[in-house]
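Structure, as structure tokens:
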Amino acid sequence: LLVIYSSVSQCSSFSPTASIHRSTTSRLMPMSSSTIDNQQAIKDEKADVKTAPSSSRALQSILGEETMDHFFENVWQKSPRVYRSAATTTKKETDTEYDPLANQVHMGLPGITRALDAACQTFLEPPTPEWQNYLPLVMNRDKRSLALNELAPLYGNDLFAAYLDGCSVVLNHCDRHCPHTASLCNDLQRSFPFAYANAYLTPPNAQSVSAHADDRDVFVVQVYGTKSWRVYEEVPVPYPYPREQVGKNGRSVPVSVLEGGRAVNTELR
């Protein structure tokens, strides 16, 4: 599962039943802003997007026949949407029809293995102020992140061993570990102010994180496997600041959200 961050998001949760899969892309977004400052920032950001000199091929591949103008006017930062991508072939970057989304969703187990192997090396790098931001996370079956002093005696820097032992693995800034992800994020920045990606590898019948809301919009791309998805209709905090993200840092998701309607409730393959 690849989560690409571009701006603000709606409360969602996912329950993996295998790991991750193919050309299904979902977009999880909020509705309206609660503060004047946030509204102005969002307007400025949209203006930047629309005046971009060129458009993302990956975004158009995600949208299919939907135009980018329609997407930005009616979907982006307004409602969640599930797209079934038409990215079915891979091309080299030098090809005129190169689609970085196709290379990402079709990288398969060999690509996932190479990204994990590169992430394992992060633990061996000299610590720097930035280093902590790029370290992979290992979540146990209770969805608790293992501290480094817990991780080292159990698995060392071996993320494969952690996964095989039932842990979920989160690759923060996966674009630093996987060339396909880096290429995809670079392409998306032709239509968005910025983009970076985190990747989630979750064992069968497990869940890496509980229901939560992010402080930005995301594209969620399934790369391999099958997942059950729930996106809740009620927006707990429209356009939240980082401290307002529900489901994180001790801030609970309102019961009305979890017991309310579902904007998306489906299994994707």
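In the structure tokens, the first chain shown is A, the next is B, and so on; residue numbers restart at 1 for each chain, and ligands run from 1 in the order shown.
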Residues flagged helix (DSSP H, G or I) by DSSP in stretch 60-244 of chain A, as JSON, numbers by chain: {"A": [60, 61, 62, 63, 68, 69, 70, 71, 72, 73, 74, 100, 101, 102, 103, 104, 105, 108, 109, 110, 111, 112, 113, 114, 115, 116, 117, 118, 119, 120, 121, 122, 123, 124, 131, 132, 133, 134, 148, 149, 150, 151, 152, 153, 154, 155, 159, 160, 161, 162, 163, 164, 174, 175, 176, 179, 180, 181, 182, 183, 184, 185, 186, 187, 188, 242, 243, 244]}
Stretch 180-193 of chain A surroundings by only C-alpha atoms, 6 Å radius, close-in-sequence under 2 positions cut, as a PyMOL selection string: chain A and resi 49+54-56+100+104+175+178+195-196
Any chance you can output those residues with C-alpha atoms as a compact mmCIF listing (two decimals), in the first residue's frame?
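Okay, selection_9.txt is ready:
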# COMPACT_ATOMS: atom_id res chain seq x y z
CA VAL A 49 -1.84 23.81 -9.09
CA SER A 54 2.66 20.92 -17.38
CA SER A 55 0.38 18.17 -16.10
CA SER A 56 1.09 14.87 -14.39
CA PRO A 100 5.22 6.31 -13.73
CA GLN A 104 4.68 1.61 -9.63
CA ASP A 175 10.43 7.73 -2.44
CA CYS A 178 12.17 2.94 -4.31
CA ALA A 195 4.18 15.02 -3.17
CA TYR A 196 5.93 12.37 -1.11
Pick from A:Leu109, A:Val223, A:Val264, A:Leu135, whichever lies nearest to A:His173 using only C-alpha atoms: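 Selected residue with least distance to A:His173: A:Leu135.
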Can you build me a table of stretch 248-269 of chain A residues sitting at most 12 Å from stretch 197-210 of chain A, with the closest atom pair per residue and its distance in Å to one decimal, using only C-alpha atoms, sorted by chain and residue number, as a tab-separated table?
residue	atom	partner	partner_atom	distance
A:Lys248	CA	A:Ser210	CA	9.1
A:Ser252	CA	A:Ser210	CA	10.4
A:Val253	CA	A:Ser210	CA	9.7
A:Leu258	CA	A:Ser210	CA	11.3
